[in-house]
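Have a look at target_16.pdb below; it lists PDB, C-alpha atoms.
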```pdb
MODEL        1
ATOM      1  CA  MET A   7      88.248 100.859  88.023
ATOM      2  CA  SER A   8      91.254  99.247  89.703
ATOM      3  CA  THR A   9      90.992  98.469  93.414
ATOM      4  CA  LEU A  10      94.700  99.311  93.711
ATOM      5  CA  THR A  11      95.616 102.935  94.174
ATOM      6  CA  HIS A  12      98.237 105.110  95.820
ATOM      7  CA  PRO A  13      98.991 108.850  96.058
ATOM      8  CA  LEU A  14     101.436 109.111  93.154
ATOM      9  CA  LEU A  15      99.114 107.217  90.829
ATOM     10  CA  THR A  16      96.222 109.459  91.907
ATOM     11  CA  ALA A  17      98.286 112.577  91.196
ATOM     12  CA  PHE A  18      99.314 111.254  87.781
ATOM     13  CA  ARG A  19      95.708 110.526  86.833
ATOM     14  CA  ALA A  20      94.637 113.984  87.990
ATOM     15  CA  SER A  21      97.575 115.665  86.197
ATOM     16  CA  LYS A  22      98.693 117.320  89.424
ATOM     17  CA  PRO A  23     102.327 117.755  90.510
ATOM     18  CA  ALA A  24     103.431 115.181  93.073
ATOM     19  CA  PHE A  25     106.193 116.079  95.521
ATOM     20  CA  GLY A  26     108.482 113.486  97.039
ATOM     21  CA  ALA A  27     111.637 112.749  99.010
ATOM     22  CA  TRP A  28     114.717 110.607  98.434
ATOM     23  CA  LEU A  29     115.605 107.945 101.009
ATOM     24  CA  THR A  30     119.297 107.089 101.219
ATOM     25  CA  LEU A  31     119.465 105.988 104.855
ATOM     26  CA  PRO A  32     118.524 102.412 105.797
ATOM     27  CA  GLY A  33     116.273 101.302 108.606
ATOM     28  CA  PHE A  34     112.612 100.832 109.512
ATOM     29  CA  LEU A  35     112.357 103.870 111.786
ATOM     30  CA  SER A  36     114.277 106.164 109.467
ATOM     31  CA  VAL A  37     112.084 105.570 106.408
ATOM     32  CA  ARG A  38     108.884 105.553 108.441
ATOM     33  CA  THR A  39     109.792 108.880 110.076
ATOM     34  CA  VAL A  40     110.351 110.555 106.694
ATOM     35  CA  ALA A  41     107.193 109.043 105.214
ATOM     36  CA  ALA A  42     105.106 110.427 108.091
ATOM     37  CA  ALA A  43     106.750 113.870 108.071
ATOM     38  CA  SER A  44     104.297 115.815 105.889
ATOM     39  CA  PRO A  45     100.801 115.510 104.411
ATOM     40  CA  HIS A  46     102.250 117.043 101.235
ATOM     41  CA  LEU A  47     104.521 114.060 100.612
ATOM     42  CA  SER A  48     103.061 111.966  97.778
ATOM     43  CA  TRP A  49     105.928 109.548  97.227
ATOM     44  CA  VAL A  50     109.371 108.459  98.324
ATOM     45  CA  VAL A  51     112.183 106.809  96.404
ATOM     46  CA  ILE A  52     114.034 104.101  98.307
ATOM     47  CA  ASP A  53     117.454 104.408  96.710
ATOM     48  CA  CYS A  54     119.198 101.067  96.339
ATOM     49  CA  GLU A  55     121.583 102.390  93.687
ATOM     50  CA  HIS A  56     123.529 105.070  95.557
ATOM     51  CA  GLY A  57     121.806 104.859  98.949
ATOM     52  CA  ALA A  58     122.695 102.530 101.825
ATOM     53  CA  THR A  59     119.547 100.375 101.714
ATOM     54  CA  PRO A  60     120.229  96.889 100.327
ATOM     55  CA  LEU A  61     117.812  95.502  97.797
ATOM     56  CA  GLN A  62     117.011  92.438  99.907
ATOM     57  CA  PRO A  63     115.739  92.501 102.590
ATOM     58  CA  GLY A  64     116.246  96.238 103.134
ATOM     59  CA  ALA A  65     113.992  97.569 100.377
ATOM     60  CA  ALA A  66     111.229  95.105 101.242
ATOM     61  CA  GLU A  67     111.337  96.046 104.922
ATOM     62  CA  SER A  68     111.250  99.743 104.021
ATOM     63  CA  VAL A  69     108.253  99.258 101.717
ATOM     64  CA  HIS A  70     106.318  97.453 104.458
ATOM     65  CA  ALA A  71     107.338  99.987 107.113
ATOM     66  CA  ILE A  72     105.829 102.784 105.028
ATOM     67  CA  ALA A  73     102.775 100.766 104.005
ATOM     68  CA  GLY A  74     102.060 100.265 107.706
ATOM     69  CA  LEU A  75     101.230 103.974 107.981
ATOM     70  CA  GLY A  76      97.934 103.258 106.221
ATOM     71  CA  PRO A  77      96.219 103.739 102.854
ATOM     72  CA  HIS A  78      97.333 107.366 102.519
ATOM     73  CA  ALA A  79     101.011 106.608 103.076
ATOM     74  CA  PRO A  80     103.352 107.975 100.391
ATOM     75  CA  SER A  81     103.836 105.773  97.356
ATOM     76  CA  THR A  82     107.028 103.724  97.563
ATOM     77  CA  ILE A  83     109.194 103.726  94.445
ATOM     78  CA  VAL A  84     112.411 101.706  94.563
ATOM     79  CA  ARG A  85     115.449 102.627  92.491
ATOM     80  CA  ILE A  86     117.262  99.387  91.744
ATOM     81  CA  PRO A  87     121.077  99.126  91.632
ATOM     82  CA  ALA A  88     121.221  97.809  88.056
ATOM     83  CA  THR A  89     121.520 100.455  85.363
ATOM     84  CA  GLY A  90     119.906 100.439  81.942
ATOM     85  CA  ALA A  91     122.965  98.708  80.524
ATOM     86  CA  CYS A  92     121.917  95.629  82.537
ATOM     87  CA  ALA A  93     118.336  95.724  81.224
ATOM     88  CA  ASP A  94     118.909  92.846  78.808
ATOM     89  CA  GLY A  95     117.110  90.544  81.224
ATOM     90  CA  SER A  96     119.828  90.397  83.870
ATOM     91  CA  ALA A  97     118.125  93.166  85.868
ATOM     92  CA  GLY A  98     114.793  91.355  85.900
ATOM     93  CA  TRP A  99     115.455  89.667  89.234
ATOM     94  CA  GLN A 100     115.968  93.048  90.891
ATOM     95  CA  ILE A 101     112.685  94.342  89.509
ATOM     96  CA  LYS A 102     111.010  91.129  90.710
ATOM     97  CA  TYR A 103     112.325  91.596  94.265
ATOM     98  CA  VAL A 104     111.123  95.201  94.357
ATOM     99  CA  LEU A 105     107.613  94.588  93.062
ATOM    100  CA  ASP A 106     107.147  91.350  95.003
ATOM    101  CA  ALA A 107     107.935  93.406  98.111
ATOM    102  CA  GLY A 108     104.911  95.558  97.325
ATOM    103  CA  ALA A 109     106.579  98.681  95.942
ATOM    104  CA  ARG A 110     104.214 100.944  94.029
ATOM    105  CA  GLY A 111     106.764 101.352  91.293
ATOM    106  CA  VAL A 112     110.275 100.786  90.055
ATOM    107  CA  LEU A 113     112.870 103.308  88.880
ATOM    108  CA  VAL A 114     115.770 102.148  86.702
ATOM    109  CA  PRO A 115     118.799 104.439  86.267
ATOM    110  CA  MET A 116     120.759 105.297  83.117
ATOM    111  CA  VAL A 117     118.373 103.926  80.508
ATOM    112  CA  SER A 118     119.709 104.811  77.058
ATOM    113  CA  THR A 119     117.803 102.801  74.439
ATOM    114  CA  ARG A 120     114.314 101.671  73.500
ATOM    115  CA  GLU A 121     115.393  98.054  73.944
ATOM    116  CA  GLN A 122     116.484  98.674  77.512
ATOM    117  CA  ALA A 123     113.208 100.432  78.341
ATOM    118  CA  ALA A 124     111.161  97.649  76.737
ATOM    119  CA  SER A 125     113.006  95.000  78.759
ATOM    120  CA  ILE A 126     112.300  96.915  81.971
ATOM    121  CA  VAL A 127     108.599  97.198  81.169
ATOM    122  CA  ALA A 128     108.394  93.481  80.329
ATOM    123  CA  ALA A 129     109.943  92.561  83.682
ATOM    124  CA  SER A 130     107.446  94.819  85.499
ATOM    125  CA  ARG A 131     104.172  93.708  83.908
ATOM    126  CA  PHE A 132     102.260  90.447  84.217
ATOM    127  CA  PRO A 133     101.330  88.643  80.984
ATOM    128  CA  PRO A 134     100.116  89.421  78.426
ATOM    129  CA  GLN A 135     101.680  92.900  78.738
ATOM    130  CA  GLY A 136     104.939  91.494  80.098
ATOM    131  CA  ALA A 137     106.709  88.491  81.599
ATOM    132  CA  ARG A 138     106.594  89.137  85.347
ATOM    133  CA  GLY A 139     106.052  86.053  87.463
ATOM    134  CA  PHE A 140     103.501  85.760  90.282
ATOM    135  CA  GLY A 141     103.903  83.997  93.606
ATOM    136  CA  SER A 142     105.129  86.149  96.489
ATOM    137  CA  PRO A 143     103.077  85.759  99.703
ATOM    138  CA  PHE A 144     104.095  89.270 100.835
ATOM    139  CA  THR A 145     103.052  91.548  97.971
ATOM    140  CA  GLN A 146      99.381  91.997  98.821
ATOM    141  CA  LEU A 147     100.247  92.592 102.498
ATOM    142  CA  ALA A 148     101.997  95.792 101.498
ATOM    143  CA  TRP A 149      98.904  96.811  99.503
ATOM    144  CA  GLY A 150      96.542  96.393 102.444
ATOM    145  CA  GLY A 151      95.845  92.667 102.374
ATOM    146  CA  GLY A 152      95.883  90.213 105.269
ATOM    147  CA  GLY A 153      93.488  89.056 107.945
ATOM    148  CA  GLY A 154      91.884  92.486 108.276
ATOM    149  CA  GLY A 155      90.709  92.496 104.674
ATOM    150  CA  GLY A 156      91.988  94.588 101.827
ATOM    151  CA  VAL A 157      93.685  93.474  98.651
ATOM    152  CA  THR A 158      93.592  89.771  97.840
ATOM    153  CA  PRO A 159      96.225  87.991  95.727
ATOM    154  CA  GLY A 160      93.701  87.722  92.907
ATOM    155  CA  GLU A 161      92.911  91.436  93.012
ATOM    156  CA  TYR A 162      96.572  92.308  92.949
ATOM    157  CA  LEU A 163      97.210  90.027  89.987
ATOM    158  CA  ALA A 164      94.222  91.490  88.122
ATOM    159  CA  HIS A 165      95.091  95.150  88.644
ATOM    160  CA  ALA A 166      98.857  95.432  89.204
ATOM    161  CA  ASN A 167      99.577  96.240  85.568
ATOM    162  CA  GLU A 168      97.434  99.378  85.913
ATOM    163  CA  ALA A 169      98.671 100.429  89.356
ATOM    164  CA  VAL A 170     102.403  99.694  89.389
ATOM    165  CA  LEU A 171     104.450 102.534  87.904
ATOM    166  CA  VAL A 172     107.429 101.904  85.638
ATOM    167  CA  LEU A 173     109.876 104.794  85.382
ATOM    168  CA  VAL A 174     113.288 105.053  83.721
ATOM    169  CA  GLN A 175     115.960 107.674  84.209
ATOM    170  CA  ILE A 176     117.214 109.804  81.348
ATOM    171  CA  GLU A 177     120.695 110.809  82.438
ATOM    172  CA  THR A 178     123.039 109.899  79.584
ATOM    173  CA  ARG A 179     123.807 111.457  76.208
ATOM    174  CA  ALA A 180     122.551 108.275  74.518
ATOM    175  CA  GLY A 181     119.319 108.477  76.497
ATOM    176  CA  VAL A 182     118.748 112.003  75.179
ATOM    177  CA  ASP A 183     119.613 110.945  71.618
ATOM    178  CA  ASN A 184     117.174 108.009  71.803
ATOM    179  CA  LEU A 185     114.510 109.851  73.786
ATOM    180  CA  GLU A 186     111.697 109.609  71.231
ATOM    181  CA  GLU A 187     112.168 105.855  70.862
ATOM    182  CA  ILE A 188     112.272 105.339  74.636
ATOM    183  CA  LEU A 189     109.094 107.372  75.116
ATOM    184  CA  GLY A 190     107.375 105.231  72.508
ATOM    185  CA  VAL A 191     107.628 102.051  74.596
ATOM    186  CA  PRO A 192     104.122 100.831  75.567
ATOM    187  CA  GLY A 193     103.628 100.345  79.289
ATOM    188  CA  LEU A 194     106.274 102.899  80.280
ATOM    189  CA  ASP A 195     104.687 105.456  82.609
ATOM    190  CA  GLY A 196     107.323 108.143  82.486
ATOM    191  CA  VAL A 197     110.910 109.322  82.531
ATOM    192  CA  PHE A 198     112.871 110.693  85.459
ATOM    193  CA  ILE A 199     115.566 113.272  84.747
ATOM    194  CA  GLY A 200     118.741 112.774  86.762
ATOM    195  CA  PRO A 201     120.325 116.237  86.474
ATOM    196  CA  TYR A 202     123.672 115.286  88.018
ATOM    197  CA  ASP A 203     124.637 112.424  85.722
ATOM    198  CA  LEU A 204     122.927 114.089  82.774
ATOM    199  CA  SER A 205     125.101 117.167  83.245
ATOM    200  CA  LEU A 206     128.285 115.113  83.522
ATOM    201  CA  SER A 207     127.353 112.989  80.510
ATOM    202  CA  LEU A 208     126.853 116.118  78.398
ATOM    203  CA  GLY A 209     130.212 117.537  79.479
ATOM    204  CA  PHE A 210     129.008 120.116  82.010
ATOM    205  CA  PRO A 211     129.540 120.465  85.773
ATOM    206  CA  ALA A 212     126.968 119.076  88.194
ATOM    207  CA  PRO A 213     124.110 121.419  89.190
ATOM    208  CA  ALA A 214     124.967 123.713  92.111
ATOM    209  CA  PRO A 215     122.061 123.963  92.690
ATOM    210  CA  ASP A 216     120.734 124.709  89.178
ATOM    211  CA  PRO A 217     121.955 123.041  85.978
ATOM    212  CA  HIS A 218     124.137 124.747  83.405
ATOM    213  CA  PRO A 219     122.001 126.732  80.896
ATOM    214  CA  GLU A 220     122.815 124.266  78.091
ATOM    215  CA  VAL A 221     121.737 121.347  80.268
ATOM    216  CA  GLU A 222     118.577 123.253  81.155
ATOM    217  CA  LYS A 223     117.712 123.395  77.443
ATOM    218  CA  VAL A 224     117.981 119.609  77.283
ATOM    219  CA  ILE A 225     115.829 119.241  80.398
ATOM    220  CA  ARG A 226     113.109 121.389  78.836
ATOM    221  CA  ARG A 227     113.286 119.296  75.670
ATOM    222  CA  ILE A 228     112.853 116.071  77.649
ATOM    223  CA  LEU A 229     109.830 117.534  79.451
ATOM    224  CA  ALA A 230     108.159 118.635  76.205
ATOM    225  CA  ALA A 231     108.859 115.327  74.463
ATOM    226  CA  ALA A 232     107.489 113.275  77.353
ATOM    227  CA  HIS A 233     104.248 115.215  77.466
ATOM    228  CA  ALA A 234     103.899 115.049  73.696
ATOM    229  CA  LYS A 235     104.010 111.240  73.968
ATOM    230  CA  GLY A 236     101.540 111.165  76.877
ATOM    231  CA  LYS A 237     104.207 110.206  79.420
ATOM    232  CA  LYS A 238     104.937 111.728  82.814
ATOM    233  CA  CYS A 239     108.176 113.609  83.454
ATOM    234  CA  ALA A 240     109.952 113.701  86.809
ATOM    235  CA  ILE A 241     113.015 115.555  88.048
ATOM    236  CA  TYR A 242     115.319 115.598  91.051
ATOM    237  CA  CYS A 243     115.480 118.859  93.022
ATOM    238  CA  THR A 244     117.180 119.724  96.311
ATOM    239  CA  SER A 245     114.956 122.426  97.828
ATOM    240  CA  GLY A 246     111.364 123.550  98.174
ATOM    241  CA  LYS A 247     112.074 126.728  96.194
ATOM    242  CA  GLN A 248     113.598 124.825  93.297
ATOM    243  CA  SER A 249     110.756 122.281  93.402
ATOM    244  CA  ALA A 250     108.046 124.967  93.282
ATOM    245  CA  LYS A 251     109.684 126.376  90.149
ATOM    246  CA  ARG A 252     109.727 122.958  88.490
ATOM    247  CA  ALA A 253     106.073 122.438  89.328
ATOM    248  CA  GLU A 254     105.226 125.737  87.634
ATOM    249  CA  GLU A 255     107.140 124.551  84.575
ATOM    250  CA  GLY A 256     104.888 121.505  84.316
ATOM    251  CA  PHE A 257     106.882 118.656  85.805
ATOM    252  CA  ASP A 258     104.649 115.870  87.101
ATOM    253  CA  MET A 259     106.842 114.310  89.792
ATOM    254  CA  ILE A 260     109.349 116.414  91.718
ATOM    255  CA  ASN A 261     111.837 115.397  94.362
ATOM    256  CA  VAL A 262     112.096 118.108  97.025
ATOM    257  CA  THR A 263     114.780 116.855  99.402
ATOM    258  CA  SER A 264     116.529 113.764 100.719
ATOM    259  CA  ASP A 265     116.678 112.277 104.184
ATOM    260  CA  ALA A 266     120.430 112.820 104.490
ATOM    261  CA  GLY A 267     120.225 116.296 102.961
ATOM    262  CA  ALA A 268     117.394 117.468 105.205
ATOM    263  CA  LEU A 269     119.102 116.007 108.285
ATOM    264  CA  THR A 270     122.379 117.755 107.478
ATOM    265  CA  GLU A 271     120.743 121.084 106.681
ATOM    266  CA  GLY A 272     118.530 121.000 109.759
ATOM    267  CA  ILE A 273     121.379 120.279 112.185
ATOM    268  CA  MET A 274     123.628 122.849 110.469
ATOM    269  CA  LYS A 275     120.937 125.529 110.692
ATOM    270  CA  HIS A 276     120.032 124.993 114.347
ATOM    271  CA  LEU A 277     123.619 124.740 115.561
ATOM    272  CA  ALA A 278     124.544 127.907 113.656
ATOM    273  CA  GLU A 279     121.650 129.697 115.361
ATOM    274  CA  ALA A 280     122.718 128.335 118.755
ATOM    275  CA  VAL A 281     126.263 129.692 118.517
ATOM    276  CA  GLY A 282     125.385 132.840 116.571
ATOM    277  CA  ALA A 283     127.408 131.811 113.534
ATOM    278  CA  PRO A 284     126.583 132.202 109.841
ATOM    279  CA  GLU A 285     124.473 129.290 108.673
ATOM    280  CA  GLY A 286     126.690 128.343 105.753
ATOM    281  CA  SER A 287     125.556 126.133 102.921
ATOM    282  CA  LYS A 288     125.798 122.478 101.991
ATOM    283  CA  ASP A 289     127.856 121.529  98.933
ATOM    284  CA  PHE A 290     126.003 120.161  95.901
ATOM    285  CA  GLY A 291     124.740 116.609  96.146
ATOM    286  CA  TYR A 292     121.963 114.512  97.628
TER
ENDMDL
END
```

Is it possible to give me this structure as C-alpha cells?
Amino acid sequence: MSTLTHPLLTAFRASKPAFGAWLTLPGFLSVRTVAAASPHLSWVVIDCEHGATPLQPGAAESVHAIAGLGPHAPSTIVRIPATGACADGSAGWQIKYVLDAGARGVLVPMVSTREQAASIVAASRFPPQGARGFGSPFTQLAWGGGGGGGVTPGEYLAHANEAVLVLVQIETRAGVDNLEEILGVPGLDGVFIGPYDLSLSLGFPAPAPDPHPEVEKVIRRILAAAHAKGKKCAIYCTSGKQSAKRAEEGFDMINVTSDAGALTEGIMKHLAEAVGAPEGSKDFGY
C-alpha cells in the first residue's frame, strides 16, 4: 500500500463522490481560507488557465499553503494554462512545475485526442510508466516531509505514480468524438467535463445554470463511457443543489462552487437582506 494518500484519492478508491471548489483568486490567505472552510471539501482546483494565479510561483505557494493545514487538507489539483493542443511535449514543463510543487494532481483543459492524453500521462508519471524527471527539493515538503518526519524523497519517488492523479478535460467536439480512444490511455485517472466550453463547441449556449438538453445527453454519454472503461468522471457545477443532483447521477468528482462565485453571492445576499431588497441572481459563469 502506498504511503502517499489524500482525500480525493481516498474517495476515488472508495467509489464515493468527492465535492470540491474552484480557486480563481491568487494569494496564500485566500486559498487557505477556502481550503479550511468545510470538512466536506475533498479537493480544490487551483485554476492557472482562467484564474488569476500564475503557474510559478503562485501555484506552488498555493499548494504549500493548503498542505500546511495538515494531512486531511483538501487535495490540490492544478489546472495548467496549456490546452490539449499543446500536449505534444510543449506542455510538459507546466506539468513538471505543478507536480514538483507537490500538487496531488494535474488537470489539462481541452484534450481532444488519444495522443494528447498519452503525452499528458507520460509527462506526469515517473519511468517506466512515463518520462517525468525527479529532482525538486520541495515536492515531499508538500506531502508531509521535512524535519518533523513524513514523506521522504525516496518514498515519494516510489509511490507518486499511484498517488498523483492525471485528469483531462473533455470540452470540445473532437474530444467527444475521440472519447473512447482517450479513455483507453493507460495511466489516465479520469475525465473532467467542462460544460461551458463543451456547450459552445457543440453549438449551444452556455449552461445557465443547467446545460441545454442536447448537451446533457452528451454529458450522460461521457459519464457512462468513462465508467465502462474504469475511469472516473468529474463535472463542474455552480451550486450545492446542482452538485447533489450530479452525485445522485453517479459522478465521482463534483465542483460545487468557486471562490469568486461564493464571495459574490454571499455579499449580494447579505447586502440585499440589509436593505430589504430582492436578492437577485448572479449571471452564468464561475

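By chain and then residue number, the residues within 7 Å of region 99-110 of chain A are Ala66, Val69, Ser81, Thr82, Ile83, Val84, Ile86, Ser96, Ala129, Ser130, Ser142, Phe144, Thr145, Gln146, Ala148, Trp149, Val170 and Leu171 of chain A, counting only C-alpha atoms and disregarding those fewer than 3 positions away in sequence.
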
From the list A:Thr270, A:Ser205, A:Ser264, A:Ser245, the nearest residue to Trp28 (chain A) using all atoms listed in the file is A:Ser264

What are the closest atom pairs, with distances in Å to one decimal, for each residue of region 169-206 of chain A lying within 12 Å of region 135-141 of chain A, using all atoms listed in the file, rows by chain and rising residue number, as JSON lines?
```
{"residue": "A:Val191", "atom": "CA", "partner": "A:Gln135", "partner_atom": "CA", "distance": 11.7}
{"residue": "A:Pro192", "atom": "CA", "partner": "A:Gln135", "partner_atom": "CA", "distance": 8.9}
{"residue": "A:Gly193", "atom": "CA", "partner": "A:Gln135", "partner_atom": "CA", "distance": 7.7}
{"residue": "A:Leu194", "atom": "CA", "partner": "A:Gln135", "partner_atom": "CA", "distance": 11.1}
```

Write a file of the just-selected residues containing C-alpha atoms, as an mmCIF file, keeping the file's coordinate frame.
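File part.cif, as written:
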```cif
data_model
loop_
_atom_site.group_PDB
_atom_site.id
_atom_site.type_symbol
_atom_site.label_atom_id
_atom_site.label_comp_id
_atom_site.auth_asym_id
_atom_site.auth_seq_id
_atom_site.Cartn_x
_atom_site.Cartn_y
_atom_site.Cartn_z
ATOM 1 C CA VAL A 191 107.628 102.051 74.596
ATOM 2 C CA PRO A 192 104.122 100.831 75.567
ATOM 3 C CA GLY A 193 103.628 100.345 79.289
ATOM 4 C CA LEU A 194 106.274 102.899 80.280
#
```

Can you tell me, as a PyMOL selection string, which residues sit within 8 Å of (127.8, 108.9, 83.0) in the file's frame, using only C-alpha atoms?
chain A and resi 116+177-178+203-204+206-207

Open item on the list: Running the PyMOL selection byres ((chain A and resi 180-185) around 12) on this model by hand, what would come out? Give it as a PyMOL selection string.
Closed with: chain A and resi 90-91+115-123+174-179+186-191+196-200+203-205+207-208+221+223-232+234-235+237

TODO: Pull out every residue that the PyMOL selection byres ((chain A and resi 75) around 12) matches in the shown coordinates and put them as a list in words.
DONE: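 Matching residues under the PyMOL selection byres ((chain A and resi 75) around 12) are Phe34, Leu35, Val37, Arg38, Thr39, Val40, Ala41, Ala42, Ala43, Ser68, Val69, His70, Ala71, Ile72, Ala73, Gly74, Gly76, Pro77, His78, Ala79, Pro80, Ser81, Thr82, Ala148, Trp149 and Gly150 of chain A.
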
Write a file of the selected residues as a compact mmCIF listing (two decimals), keeping the file's coordinate frame, keeping C-alpha atoms.
```
# COMPACT_ATOMS: atom_id res chain seq x y z
CA PHE A 34 112.61 100.83 109.51
CA LEU A 35 112.36 103.87 111.79
CA VAL A 37 112.08 105.57 106.41
CA ARG A 38 108.88 105.55 108.44
CA THR A 39 109.79 108.88 110.08
CA VAL A 40 110.35 110.56 106.69
CA ALA A 41 107.19 109.04 105.21
CA ALA A 42 105.11 110.43 108.09
CA ALA A 43 106.75 113.87 108.07
CA SER A 68 111.25 99.74 104.02
CA VAL A 69 108.25 99.26 101.72
CA HIS A 70 106.32 97.45 104.46
CA ALA A 71 107.34 99.99 107.11
CA ILE A 72 105.83 102.78 105.03
CA ALA A 73 102.78 100.77 104.00
CA GLY A 74 102.06 100.26 107.71
CA GLY A 76 97.93 103.26 106.22
CA PRO A 77 96.22 103.74 102.85
CA HIS A 78 97.33 107.37 102.52
CA ALA A 79 101.01 106.61 103.08
CA PRO A 80 103.35 107.98 100.39
CA SER A 81 103.84 105.77 97.36
CA THR A 82 107.03 103.72 97.56
CA ALA A 148 102.00 95.79 101.50
CA TRP A 149 98.90 96.81 99.50
CA GLY A 150 96.54 96.39 102.44
```

As a check of understanding: the span from CA of Thr30 (chain A) to CA of Asp53 (chain A) is 5.6 Å

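Put simply, the PyMOL selection byres ((chain A and resi 241) around 7) on this file hits Phe198, Ile199, Gly200, Cys239, Ala240, Tyr242, Cys243, Met259, Ile260 and Asn261 of chain A.
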
>> With only C-alpha atoms as the counted atoms, please give the residues lying no more than 12 Å from Arg19 (chain A), apart from itself and same-chain residues fewer than 6 positions off, as a ChimeraX atom specification.
In response: /A:11-13,168-169,171,195,236-238,258
